[in-house]
file protein36.cif (mmCIF, C-alpha atoms)
data_model
#
loop_
_atom_site.group_PDB
_atom_site.id
_atom_site.type_symbol
_atom_site.label_atom_id
_atom_site.label_comp_id
_atom_site.auth_asym_id
_atom_site.auth_seq_id
_atom_site.Cartn_x
_atom_site.Cartn_y
_atom_site.Cartn_z
ATOM 1 C CA MET C 10 -17.381 37.043 51.027
ATOM 2 C CA ASP C 11 -20.625 36.711 49.042
ATOM 3 C CA PHE C 12 -21.443 38.856 46.023
ATOM 4 C CA VAL C 13 -23.606 41.405 47.851
ATOM 5 C CA GLN C 14 -20.985 41.895 50.563
ATOM 6 C CA SER C 15 -18.341 42.305 47.874
ATOM 7 C CA LEU C 16 -20.388 45.129 46.332
ATOM 8 C CA ARG C 17 -20.440 46.974 49.647
ATOM 9 C CA ALA C 18 -16.733 46.407 50.197
ATOM 10 C CA LYS C 19 -15.911 47.826 46.757
ATOM 11 C CA ALA C 20 -18.305 50.749 47.329
ATOM 12 C CA ALA C 21 -16.490 51.519 50.591
ATOM 13 C CA GLU C 22 -13.287 52.022 48.613
ATOM 14 C CA LYS C 23 -14.973 54.674 46.435
ATOM 15 C CA GLN C 24 -16.877 56.531 49.192
ATOM 16 C CA LYS C 25 -19.481 58.131 46.935
ATOM 17 C CA THR C 26 -22.390 60.352 47.980
ATOM 18 C CA ILE C 27 -25.858 59.043 47.093
ATOM 19 C CA VAL C 28 -29.076 61.040 47.395
ATOM 20 C CA LEU C 29 -32.311 59.363 48.544
ATOM 21 C CA PRO C 30 -35.243 61.620 47.585
ATOM 22 C CA GLU C 31 -37.937 59.477 49.241
ATOM 23 C CA ALA C 32 -36.606 60.116 52.726
ATOM 24 C CA LEU C 33 -39.847 59.741 54.689
ATOM 25 C CA ASP C 34 -40.480 56.185 53.567
ATOM 26 C CA ASP C 35 -39.737 53.838 56.476
ATOM 27 C CA ARG C 36 -37.615 51.571 54.284
ATOM 28 C CA MET C 37 -35.488 54.507 53.143
ATOM 29 C CA ILE C 38 -34.969 55.631 56.720
ATOM 30 C CA GLU C 39 -33.902 52.128 57.773
ATOM 31 C CA ALA C 40 -31.600 51.764 54.755
ATOM 32 C CA ALA C 41 -29.999 55.165 55.345
ATOM 33 C CA GLY C 42 -29.270 54.275 58.949
ATOM 34 C CA ARG C 43 -27.724 50.951 57.966
ATOM 35 C CA ILE C 44 -25.563 52.536 55.278
ATOM 36 C CA ALA C 45 -24.363 55.192 57.719
ATOM 37 C CA THR C 46 -23.472 52.446 60.188
ATOM 38 C CA GLU C 47 -21.645 50.362 57.578
ATOM 39 C CA GLY C 48 -19.993 53.487 56.175
ATOM 40 C CA PHE C 49 -19.687 52.432 52.545
ATOM 41 C CA ALA C 50 -21.348 55.613 51.183
ATOM 42 C CA SER C 51 -22.415 59.077 52.312
ATOM 43 C CA ILE C 52 -26.172 59.636 52.221
ATOM 44 C CA ILE C 53 -28.227 62.760 51.513
ATOM 45 C CA LEU C 54 -31.877 62.581 52.579
ATOM 46 C CA LEU C 55 -34.321 65.044 51.006
ATOM 47 C CA GLY C 56 -37.195 66.505 52.981
ATOM 48 C CA ASP C 57 -38.176 68.535 56.009
ATOM 49 C CA ALA C 58 -35.451 68.192 58.633
ATOM 50 C CA ASP C 59 -37.870 67.924 61.574
ATOM 51 C CA SER C 60 -39.938 65.216 59.887
ATOM 52 C CA ILE C 61 -36.847 63.236 58.947
ATOM 53 C CA GLY C 62 -35.470 63.629 62.475
ATOM 54 C CA THR C 63 -38.750 62.314 63.898
ATOM 55 C CA ALA C 64 -38.692 59.345 61.513
ATOM 56 C CA LEU C 65 -35.103 58.532 62.490
ATOM 57 C CA ASP C 66 -35.979 58.750 66.190
ATOM 58 C CA LYS C 67 -38.998 56.502 65.675
ATOM 59 C CA ALA C 68 -36.758 53.937 63.982
ATOM 60 C CA GLY C 69 -34.211 54.200 66.777
ATOM 61 C CA LEU C 70 -31.584 55.557 64.393
ATOM 62 C CA SER C 71 -29.075 58.378 64.697
ATOM 63 C CA ALA C 72 -28.721 61.200 62.176
ATOM 64 C CA ALA C 73 -24.935 60.913 62.511
ATOM 65 C CA GLY C 74 -23.329 60.454 59.127
ATOM 66 C CA LEU C 75 -26.465 61.569 57.261
ATOM 67 C CA THR C 76 -27.015 64.906 55.495
ATOM 68 C CA VAL C 77 -30.546 66.293 55.329
ATOM 69 C CA ILE C 78 -31.512 68.864 52.676
ATOM 70 C CA ASP C 79 -34.971 70.416 52.452
ATOM 71 C CA PRO C 80 -35.588 71.339 48.781
ATOM 72 C CA ALA C 81 -37.997 74.081 49.830
ATOM 73 C CA GLN C 82 -35.423 75.792 52.059
ATOM 74 C CA SER C 83 -32.168 74.916 50.343
ATOM 75 C CA SER C 84 -29.678 77.551 49.227
ATOM 76 C CA TYR C 85 -29.399 75.555 45.989
ATOM 77 C CA ARG C 86 -33.053 76.063 45.098
ATOM 78 C CA LEU C 87 -32.963 79.306 43.082
ATOM 79 C CA ASP C 88 -29.924 78.271 41.055
ATOM 80 C CA PHE C 89 -31.500 74.869 40.366
ATOM 81 C CA VAL C 90 -34.753 76.474 39.185
ATOM 82 C CA ARG C 91 -32.867 78.835 36.846
ATOM 83 C CA GLU C 92 -30.742 76.054 35.382
ATOM 84 C CA TYR C 93 -33.663 73.691 34.913
ATOM 85 C CA HIS C 94 -35.646 76.451 33.200
ATOM 86 C CA GLU C 95 -32.715 77.128 30.857
ATOM 87 C CA MET C 96 -32.509 73.408 30.053
ATOM 88 C CA ARG C 97 -36.229 73.068 29.265
ATOM 89 C CA LYS C 98 -37.417 76.448 27.987
ATOM 90 C CA HIS C 99 -36.997 75.264 24.378
ATOM 91 C CA LYS C 100 -39.752 72.767 25.245
ATOM 92 C CA GLY C 101 -42.005 75.615 26.358
ATOM 93 C CA MET C 102 -41.384 75.316 30.092
ATOM 94 C CA THR C 103 -41.953 78.488 32.096
ATOM 95 C CA GLU C 104 -39.896 79.493 35.117
ATOM 96 C CA GLU C 105 -42.960 78.901 37.315
ATOM 97 C CA GLU C 106 -43.253 75.333 36.001
ATOM 98 C CA ALA C 107 -39.542 74.810 36.603
ATOM 99 C CA ALA C 108 -39.976 76.014 40.190
ATOM 100 C CA THR C 109 -42.868 73.615 40.740
ATOM 101 C CA LEU C 110 -40.913 70.636 39.448
ATOM 102 C CA MET C 111 -37.794 71.590 41.364
ATOM 103 C CA ALA C 112 -39.879 71.352 44.554
ATOM 104 C CA ASP C 113 -40.280 67.649 43.732
ATOM 105 C CA PRO C 114 -37.539 65.738 45.594
ATOM 106 C CA LEU C 115 -36.963 63.499 42.551
ATOM 107 C CA PHE C 116 -36.087 66.446 40.324
ATOM 108 C CA PHE C 117 -34.184 68.262 43.070
ATOM 109 C CA GLY C 118 -32.217 65.059 43.753
ATOM 110 C CA ALA C 119 -31.416 64.626 40.074
ATOM 111 C CA MET C 120 -30.134 68.223 39.990
ATOM 112 C CA LEU C 121 -27.898 67.506 42.994
ATOM 113 C CA VAL C 122 -26.391 64.729 40.885
ATOM 114 C CA ARG C 123 -26.066 66.917 37.792
ATOM 115 C CA LYS C 124 -24.255 69.619 39.788
ATOM 116 C CA GLY C 125 -21.934 67.134 41.506
ATOM 117 C CA VAL C 126 -23.259 67.687 45.023
ATOM 118 C CA ALA C 127 -24.209 63.995 44.958
ATOM 119 C CA ASP C 128 -22.612 61.286 42.839
ATOM 120 C CA GLY C 129 -25.779 59.262 42.272
ATOM 121 C CA MET C 130 -29.462 58.863 43.130
ATOM 122 C CA VAL C 131 -31.642 55.936 44.185
ATOM 123 C CA ALA C 132 -35.453 56.206 44.127
ATOM 124 C CA GLY C 133 -38.570 54.257 43.187
ATOM 125 C CA ALA C 134 -39.727 52.895 46.547
ATOM 126 C CA VAL C 135 -42.596 55.401 46.344
ATOM 127 C CA ASN C 136 -42.375 56.861 42.828
ATOM 128 C CA SER C 137 -43.092 55.025 39.589
ATOM 129 C CA THR C 138 -40.308 53.931 37.265
ATOM 130 C CA GLY C 139 -41.577 56.459 34.719
ATOM 131 C CA ASN C 140 -41.165 59.355 37.132
ATOM 132 C CA VAL C 141 -37.694 58.260 38.242
ATOM 133 C CA LEU C 142 -36.566 57.877 34.631
ATOM 134 C CA ARG C 143 -38.096 61.194 33.598
ATOM 135 C CA ALA C 144 -36.084 63.056 36.247
ATOM 136 C CA GLY C 145 -32.967 61.135 35.258
ATOM 137 C CA PHE C 146 -33.386 61.663 31.513
ATOM 138 C CA GLN C 147 -34.201 65.364 31.722
ATOM 139 C CA ILE C 148 -31.605 66.406 34.261
ATOM 140 C CA VAL C 149 -28.774 63.877 34.528
ATOM 141 C CA GLY C 150 -28.914 62.821 30.880
ATOM 142 C CA MET C 151 -27.391 59.892 29.059
ATOM 143 C CA ALA C 152 -23.755 58.874 29.003
ATOM 144 C CA GLU C 153 -21.638 60.036 26.104
ATOM 145 C CA GLY C 154 -21.631 57.510 23.280
ATOM 146 C CA THR C 155 -24.894 55.773 24.164
ATOM 147 C CA ASN C 156 -28.367 56.399 22.814
ATOM 148 C CA ILE C 157 -30.429 54.260 25.157
ATOM 149 C CA VAL C 158 -30.998 53.631 28.832
ATOM 150 C CA SER C 159 -31.281 49.934 29.595
ATOM 151 C CA SER C 160 -31.016 47.511 32.486
ATOM 152 C CA CYS C 161 -29.305 44.362 33.603
ATOM 153 C CA PHE C 162 -29.452 41.810 36.402
ATOM 154 C CA VAL C 163 -26.536 40.001 37.985
ATOM 155 C CA MET C 164 -27.748 36.425 38.425
ATOM 156 C CA VAL C 165 -25.877 34.742 41.260
ATOM 157 C CA LYS C 166 -25.699 31.086 42.273
ATOM 158 C CA PRO C 167 -22.339 30.127 43.795
ATOM 159 C CA GLU C 168 -22.557 26.444 42.836
ATOM 160 C CA TRP C 169 -22.944 27.134 39.124
ATOM 161 C CA SER C 170 -20.203 25.769 36.903
ATOM 162 C CA VAL C 171 -21.175 28.229 34.146
ATOM 163 C CA GLY C 172 -20.495 31.952 33.927
ATOM 164 C CA ASP C 173 -17.826 33.438 36.172
ATOM 165 C CA ALA C 174 -17.641 32.246 39.789
ATOM 166 C CA GLY C 175 -21.369 31.610 39.873
ATOM 167 C CA ARG C 176 -22.339 34.918 38.250
ATOM 168 C CA ILE C 177 -23.878 35.705 34.856
ATOM 169 C CA VAL C 178 -25.064 39.188 33.858
ATOM 170 C CA PHE C 179 -28.361 39.370 31.921
ATOM 171 C CA GLY C 180 -29.390 42.381 29.803
ATOM 172 C CA ASP C 181 -31.878 43.964 29.013
ATOM 173 C CA CYS C 182 -34.574 42.491 31.249
ATOM 174 C CA ALA C 183 -36.590 45.506 32.414
ATOM 175 C CA VAL C 184 -36.684 48.528 30.101
ATOM 176 C CA ASN C 185 -36.731 48.198 26.283
ATOM 177 C CA PRO C 186 -39.454 46.048 24.678
ATOM 178 C CA GLN C 187 -38.176 45.823 21.088
ATOM 179 C CA PRO C 188 -34.672 47.274 20.734
ATOM 180 C CA SER C 189 -33.334 47.856 17.245
ATOM 181 C CA ALA C 190 -30.002 46.370 16.169
ATOM 182 C CA GLU C 191 -28.321 49.684 17.000
ATOM 183 C CA GLN C 192 -29.957 49.828 20.427
ATOM 184 C CA LEU C 193 -29.141 46.174 21.105
ATOM 185 C CA ALA C 194 -25.481 46.928 20.371
ATOM 186 C CA ASP C 195 -25.499 49.790 22.900
ATOM 187 C CA ILE C 196 -27.222 47.541 25.454
ATOM 188 C CA ALA C 197 -24.468 44.937 24.992
ATOM 189 C CA ILE C 198 -21.659 47.486 25.407
ATOM 190 C CA ASP C 199 -23.283 49.087 28.466
ATOM 191 C CA THR C 200 -24.051 45.705 30.079
ATOM 192 C CA ALA C 201 -20.437 44.648 29.610
ATOM 193 C CA ALA C 202 -19.308 47.844 31.354
ATOM 194 C CA THR C 203 -21.730 47.226 34.223
ATOM 195 C CA ALA C 204 -20.501 43.644 34.561
ATOM 196 C CA ARG C 205 -16.911 44.858 34.749
ATOM 197 C CA ALA C 206 -17.786 47.485 37.390
ATOM 198 C CA LEU C 207 -19.925 45.269 39.615
ATOM 199 C CA CYS C 208 -18.388 41.819 39.192
ATOM 200 C CA GLY C 209 -14.774 42.685 38.464
ATOM 201 C CA PHE C 210 -14.435 40.161 35.665
ATOM 202 C CA GLU C 211 -13.586 40.712 32.024
ATOM 203 C CA PRO C 212 -16.878 40.416 30.116
ATOM 204 C CA ILE C 213 -17.382 37.656 27.555
ATOM 205 C CA VAL C 214 -20.567 38.644 25.745
ATOM 206 C CA ALA C 215 -23.015 36.356 23.940
ATOM 207 C CA MET C 216 -25.704 37.878 21.731
ATOM 208 C CA LEU C 217 -28.584 35.432 22.173
ATOM 209 C CA SER C 218 -30.953 34.129 19.540
ATOM 210 C CA TYR C 219 -32.888 30.995 18.624
ATOM 211 C CA SER C 220 -30.143 30.491 16.037
ATOM 212 C CA THR C 221 -26.511 29.555 16.534
ATOM 213 C CA MET C 222 -24.290 30.801 13.731
ATOM 214 C CA GLY C 223 -26.819 30.300 10.962
ATOM 215 C CA SER C 224 -28.737 27.287 12.281
ATOM 216 C CA GLY C 225 -31.934 29.313 11.901
ATOM 217 C CA ALA C 226 -32.985 32.269 9.780
ATOM 218 C CA GLY C 227 -35.391 35.177 9.959
ATOM 219 C CA LEU C 228 -35.676 38.877 10.704
ATOM 220 C CA ASP C 229 -35.040 38.362 14.421
ATOM 221 C CA VAL C 230 -31.808 36.522 13.648
ATOM 222 C CA ASP C 231 -30.787 39.229 11.194
ATOM 223 C CA LYS C 232 -31.206 41.830 13.964
ATOM 224 C CA VAL C 233 -28.825 39.934 16.262
ATOM 225 C CA ILE C 234 -26.302 39.468 13.451
ATOM 226 C CA GLU C 235 -26.320 43.203 12.760
ATOM 227 C CA ALA C 236 -26.164 44.079 16.461
ATOM 228 C CA THR C 237 -23.144 41.807 16.901
ATOM 229 C CA ARG C 238 -21.412 43.479 13.965
ATOM 230 C CA LEU C 239 -22.074 46.912 15.454
ATOM 231 C CA VAL C 240 -20.725 45.913 18.873
ATOM 232 C CA LYS C 241 -17.491 44.701 17.267
ATOM 233 C CA GLU C 242 -17.254 47.957 15.323
ATOM 234 C CA LYS C 243 -17.994 50.257 18.297
ATOM 235 C CA ALA C 244 -16.074 48.289 20.951
ATOM 236 C CA PRO C 245 -13.336 46.363 19.134
ATOM 237 C CA ASP C 246 -11.639 45.318 22.380
ATOM 238 C CA LEU C 247 -14.792 43.658 23.736
ATOM 239 C CA LEU C 248 -14.994 39.872 23.406
ATOM 240 C CA VAL C 249 -18.420 39.309 21.826
ATOM 241 C CA ASP C 250 -20.044 36.860 19.435
ATOM 242 C CA GLY C 251 -23.449 35.871 18.118
ATOM 243 C CA PRO C 252 -25.989 34.847 17.298
ATOM 244 C CA LEU C 253 -25.771 32.054 19.867
ATOM 245 C CA GLN C 254 -28.427 29.920 21.491
ATOM 246 C CA LEU C 255 -28.343 29.990 25.278
ATOM 247 C CA ASP C 256 -26.863 26.516 25.692
ATOM 248 C CA ALA C 257 -24.195 27.220 23.094
ATOM 249 C CA ALA C 258 -23.336 30.441 24.912
ATOM 250 C CA ILE C 259 -22.758 29.066 28.405
ATOM 251 C CA VAL C 260 -22.218 25.282 28.249
ATOM 252 C CA PRO C 261 -18.677 24.421 27.080
ATOM 253 C CA ALA C 262 -19.553 21.057 25.508
ATOM 254 C CA VAL C 263 -22.494 22.519 23.587
ATOM 255 C CA GLY C 264 -20.511 25.592 22.550
ATOM 256 C CA SER C 265 -17.638 23.553 21.159
ATOM 257 C CA SER C 266 -20.103 21.371 19.252
ATOM 258 C CA LYS C 267 -22.388 24.075 17.835
ATOM 259 C CA ALA C 268 -19.865 26.907 17.353
ATOM 260 C CA PRO C 269 -16.343 25.429 17.444
ATOM 261 C CA ASP C 270 -14.726 28.550 15.991
ATOM 262 C CA SER C 271 -16.381 31.021 18.364
ATOM 263 C CA PRO C 272 -14.187 32.634 21.055
ATOM 264 C CA VAL C 273 -17.313 33.158 23.195
ATOM 265 C CA ALA C 274 -19.324 29.930 22.835
ATOM 266 C CA GLY C 275 -19.425 27.963 26.078
ATOM 267 C CA LYS C 276 -17.646 30.734 28.014
ATOM 268 C CA ALA C 277 -20.093 33.654 28.180
ATOM 269 C CA ASN C 278 -20.523 35.510 31.460
ATOM 270 C CA VAL C 279 -22.687 38.275 29.935
ATOM 271 C CA ILE C 280 -25.737 37.347 27.868
ATOM 272 C CA ILE C 281 -27.788 39.823 25.837
ATOM 273 C CA PHE C 282 -31.397 38.947 25.096
ATOM 274 C CA PRO C 283 -32.864 40.034 21.749
ATOM 275 C CA ASP C 284 -35.971 41.655 23.301
ATOM 276 C CA LEU C 285 -37.710 42.333 26.600
ATOM 277 C CA ASP C 286 -40.013 39.318 26.371
ATOM 278 C CA ALA C 287 -37.029 36.976 26.296
ATOM 279 C CA GLY C 288 -35.042 38.907 28.889
ATOM 280 C CA ASN C 289 -37.791 39.313 31.468
ATOM 281 C CA ILE C 290 -38.987 35.723 31.136
ATOM 282 C CA GLY C 291 -35.412 34.452 31.138
ATOM 283 C CA TYR C 292 -34.256 36.095 34.353
ATOM 284 C CA LYS C 293 -37.442 35.113 36.194
ATOM 285 C CA LEU C 294 -37.123 31.480 35.094
ATOM 286 C CA VAL C 295 -33.557 31.377 36.382
ATOM 287 C CA GLN C 296 -34.533 33.152 39.603
ATOM 288 C CA ARG C 297 -37.579 31.007 40.375
ATOM 289 C CA LEU C 298 -36.652 27.590 38.995
ATOM 290 C CA ALA C 299 -32.884 27.593 39.500
ATOM 291 C CA GLY C 300 -33.069 29.487 42.784
ATOM 292 C CA ALA C 301 -30.554 32.115 41.658
ATOM 293 C CA GLU C 302 -30.346 35.503 43.338
ATOM 294 C CA ALA C 303 -31.332 38.291 40.929
ATOM 295 C CA VAL C 304 -29.417 41.460 41.851
ATOM 296 C CA GLY C 305 -31.043 44.392 40.062
ATOM 297 C CA PRO C 306 -32.459 45.744 37.901
ATOM 298 C CA VAL C 307 -29.433 47.974 37.421
ATOM 299 C CA LEU C 308 -30.054 50.980 35.165
ATOM 300 C CA GLN C 309 -27.261 51.775 32.749
ATOM 301 C CA GLY C 310 -26.618 54.385 30.094
ATOM 302 C CA MET C 311 -27.043 57.436 32.369
ATOM 303 C CA ALA C 312 -24.244 60.007 32.590
ATOM 304 C CA ARG C 313 -24.120 59.342 36.346
ATOM 305 C CA GLY C 314 -25.496 56.617 38.581
ATOM 306 C CA VAL C 315 -29.301 56.722 38.791
ATOM 307 C CA ASN C 316 -31.204 53.610 39.816
ATOM 308 C CA ASP C 317 -34.864 52.741 40.126
ATOM 309 C CA LEU C 318 -36.287 50.510 42.849
ATOM 310 C CA SER C 319 -39.345 48.316 42.837
ATOM 311 C CA ARG C 320 -42.131 49.796 44.949
ATOM 312 C CA GLY C 321 -42.168 46.450 46.741
ATOM 313 C CA CYS C 322 -38.502 46.754 47.705
ATOM 314 C CA SER C 323 -37.126 46.057 51.170
ATOM 315 C CA ALA C 324 -34.632 48.132 53.142
ATOM 316 C CA GLU C 325 -32.037 45.469 52.276
ATOM 317 C CA ASP C 326 -32.770 45.985 48.564
ATOM 318 C CA ILE C 327 -32.224 49.730 48.959
ATOM 319 C CA VAL C 328 -28.891 49.197 50.732
ATOM 320 C CA ASN C 329 -27.737 46.915 47.908
ATOM 321 C CA VAL C 330 -28.843 49.304 45.146
ATOM 322 C CA VAL C 331 -27.040 52.188 46.852
ATOM 323 C CA ALA C 332 -23.850 50.100 46.770
ATOM 324 C CA ILE C 333 -24.409 49.309 43.086
ATOM 325 C CA THR C 334 -25.059 52.982 42.291
ATOM 326 C CA ALA C 335 -21.862 53.998 44.047
ATOM 327 C CA LEU C 336 -19.911 51.565 41.862
ATOM 328 C CA GLN C 337 -21.481 53.014 38.705
ATOM 329 C CA CYS C 338 -20.443 56.565 39.560
ATOM 330 C CA PRO C 339 -17.407 58.036 37.763
#
call {"tool": "encode", "arguments": {"input": "protein36.cif", "output": "structure tokens"}}
result
Amino acid sequence: MDFVQSLRAKAAEKQKTIVLPEALDDRMIEAAGRIATEGFASIILLGDADSIGTALDKAGLSAAGLTVIDPAQSSYRLDFVREYHEMRKHKGMTEEEAATLMADPLFFGAMLVRKGVADGMVAGAVNSTGNVLRAGFQIVGMAEGTNIVSSCFVMVKPEWSVGDAGRIVFGDCAVNPQPSAEQLADIAIDTAATARALCGFEPIVAMLSYSTMGSGAGLDVDKVIEATRLVKEKAPDLLVDGPLQLDAAIVPAVGSSKAPDSPVAGKANVIIFPDLDAGNIGYKLVQRLAGAEAVGPVLQGMARGVNDLSRGCSAEDIVNVVAITALQCP
């Protein structure tokens, strides 16, 4: 069983309910039908029931196993408007403004998650990342104990001898340009938790730098040193070390040479980049030059599973992200 199939198999054991707010997009319709057929999650589609029914018919799909909710007609609507207004009135929001936003499927979907009607939400095929994150931040909120929402990719190449069974988790590669030491520590802890949930292995975390254990100096190195200290303080059971150069982190011979006393060097299956430049460039180099599959980006740090798609995503991408979201749900 390959990694993507393993995600769906594990999601099937949890049987979570995921809301898709962008229900009239053809890719969402196709993905919803495939998920209903595979049966690894329950799907809520948001929108006018007749329009969604027509789209399903056009795609040759059945509505069996799918729930359709029209935000404009839903019995949840008034309660959602009142609660959202209560949440945001300290920011000057009026009840009329709350009603307008709650007519937006993104915000209505996020409220379904907040209220436990759905376990998670997947969007971004039509909406921008900023809009998806805004709905998630304002309504679902961040997980207890974290102060930042970040992202990770699972990089997969079965023939790799590094990482864990051909998998290494990279964070943060998509969200935070210049994280502080405190934020970098939270990113490391959250990425380790995501790795455990999606890959099933015990995370071994390397905090990356251009320096290995003092081989270089500078403010950027100091940030990684402090972040590593904070991770050890906040998550004492997590196996983490740094600063480590990439080769020292994942290649056993280099790790034993450059950092012989490190419990992580040469064994890392989770690597944390010091900033977004490094992370984004790093995952794309591995994807394009090494031919690795990049599964993600996976958002982390939300109180419940909320994930953003690329607007260039395929139906297959949506199916995979729904499985990932299901595995992130409590």
call {"tool": "residues_around", "arguments": {"input": "protein36.cif", "residues": "region 259-265 of chain C", "least_positions_apart": "4", "cutoff": "10 Å", "atoms": "all atoms listed in the file", "output": "PyMOL selection string"}}
result
chain C and resi 170-172+177+215+221+253-255+269-280
call {"tool": "resolve_selection", "arguments": {"input": "protein36.cif", "expression": "the PyMOL selection byres ((chain C and resi 136) around 10)", "output": "VMD selection string"}}
result
chain C and resid 30 to 31 115 132 to 135 137 to 141 317 to 320
call {"tool": "atom_distance", "arguments": {"input": "protein36.cif", "atom1": "CA of Met164 (chain C)", "atom2": "CA of Gly300 (chain C)"}}
result
9.8 Å
call {"tool": "closest_residue", "arguments": {"input": "protein36.cif", "among": "C:Ile290, C:Ile213, C:Met96, C:Leu308", "to": "Asp199 (chain C)", "atoms": "all atoms listed in the file"}}
result
C:Leu308
call {"tool": "closest_residue", "arguments": {"input": "protein36.cif", "among": "C:Ile234, C:Ala127, C:Ala257, C:Val307", "to": "Gly180 (chain C)", "atoms": "only C-alpha atoms"}}
result
C:Val307
call {"tool": "closest_residue", "arguments": {"input": "protein36.cif", "among": "C:Gly154, C:Gly251, C:Pro283, C:Gly314", "to": "Val131 (chain C)", "atoms": "only C-alpha atoms"}}
result
C:Gly314
call {"tool": "closest_residue", "arguments": {"input": "protein36.cif", "among": "C:Val163, C:Ala112, C:Leu336, C:Ala268", "to": "Cys182 (chain C)", "atoms": "all atoms listed in the file"}}
result
C:Val163
call {"tool": "atom_distance", "arguments": {"input": "protein36.cif", "atom1": "CA of Tyr292 (chain C)", "atom2": "CA of Asp231 (chain C)"}}
result
23.6 Å
call {"tool": "residues_near_point", "arguments": {"input": "protein36.cif", "point": "(-29.1, 31.0, 16.4)", "cutoff": "9 Å", "atoms": "all atoms listed in the file", "output": "list of chain:residue names"}}
result
C:Leu217, C:Ser218, C:Tyr219, C:Ser220, C:Thr221, C:Met222, C:Gly223, C:Ser224, C:Gly225, C:Ala226, C:Val230, C:Val233, C:Gly251, C:Pro252, C:Leu253, C:Gln254, C:Leu255
call {"tool": "closest_residue", "arguments": {"input": "protein36.cif", "among": "C:Ser51, C:Phe282, C:Gly175, C:Gln192", "to": "Ala258 (chain C)", "atoms": "all atoms listed in the file"}}
result
C:Phe282
call {"tool": "closest_residue", "arguments": {"input": "protein36.cif", "among": "C:Gln24, C:Thr200, C:Ser159, C:Asn289", "to": "Asn316 (chain C)", "atoms": "only C-alpha atoms"}}
result
C:Ser159
call {"tool": "atom_distance", "arguments": {"input": "protein36.cif", "atom1": "CA of Asp88 (chain C)", "atom2": "CA of Met120 (chain C)"}}
result
10.1 Å
call {"tool": "residues_near_point", "arguments": {"input": "protein36.cif", "point": "(-14.9, 44.3, 20.3)", "cutoff": "12 Å", "atoms": "all atoms listed in the file", "output": "count of residues only"}}
result
25
call {"tool": "residues_around", "arguments": {"input": "protein36.cif", "residues": "Ala144 (chain C)", "least_positions_apart": "6", "cutoff": "9 Å", "atoms": "only C-alpha atoms", "output": "PyMOL selection string"}}
result
chain C and resi 115-120+150
call {"tool": "resolve_selection", "arguments": {"input": "protein36.cif", "expression": "the PyMOL selection byres ((chain C and resi 322-334) around 8)", "output": "ChimeraX atom specification"}}
result
/C:13,16-17,20,27,36-37,39-41,43-44,49-50,129-131,134,207,305,307,314-316,318-321,335-338
call {"tool": "resolve_selection", "arguments": {"input": "protein36.cif", "expression": "the PyMOL selection byres ((chain C and resi 64) around 10)", "output": "number ranges by chain"}}
result
C: 32-35, 38-39, 58-63, 65-70
call {"tool": "build_atoms", "arguments": {"input": "protein36.cif", "residues": "region 231-242 of chain C", "atoms": "N, CA and C atoms", "output": "CSV table (one decimal), keeping the file's coordinate frame"}}
result
chain,number,residue,atom,x,y,z
C,231,ASP,N,-31.5,38.2,11.9
C,231,ASP,CA,-30.8,39.2,11.2
C,231,ASP,C,-30.5,40.4,12.1
C,232,LYS,N,-31.4,40.7,13.0
C,232,LYS,CA,-31.2,41.8,14.0
C,232,LYS,C,-30.0,41.5,14.9
C,233,VAL,N,-29.9,40.3,15.4
C,233,VAL,CA,-28.8,39.9,16.3
C,233,VAL,C,-27.5,39.9,15.5
C,234,ILE,N,-27.5,39.5,14.3
C,234,ILE,CA,-26.3,39.5,13.5
C,234,ILE,C,-25.8,40.9,13.3
C,235,GLU,N,-26.7,41.8,13.0
C,235,GLU,CA,-26.3,43.2,12.8
C,235,GLU,C,-25.9,43.8,14.1
C,236,ALA,N,-26.6,43.5,15.2
C,236,ALA,CA,-26.2,44.1,16.5
C,236,ALA,C,-24.8,43.6,16.8
C,237,THR,N,-24.5,42.4,16.6
C,237,THR,CA,-23.1,41.8,16.9
C,237,THR,C,-22.1,42.5,16.1
C,238,ARG,N,-22.4,42.8,14.8
C,238,ARG,CA,-21.4,43.5,14.0
C,238,ARG,C,-21.2,44.9,14.5
C,239,LEU,N,-22.2,45.5,14.9
C,239,LEU,CA,-22.1,46.9,15.5
C,239,LEU,C,-21.3,46.9,16.8
C,240,VAL,N,-21.5,46.0,17.6
C,240,VAL,CA,-20.7,45.9,18.9
C,240,VAL,C,-19.2,45.8,18.6
C,241,LYS,N,-18.9,44.9,17.6
C,241,LYS,CA,-17.5,44.7,17.3
C,241,LYS,C,-16.9,46.0,16.7
C,242,GLU,N,-17.7,46.7,15.9
C,242,GLU,CA,-17.3,48.0,15.3
C,242,GLU,C,-17.1,49.1,16.4
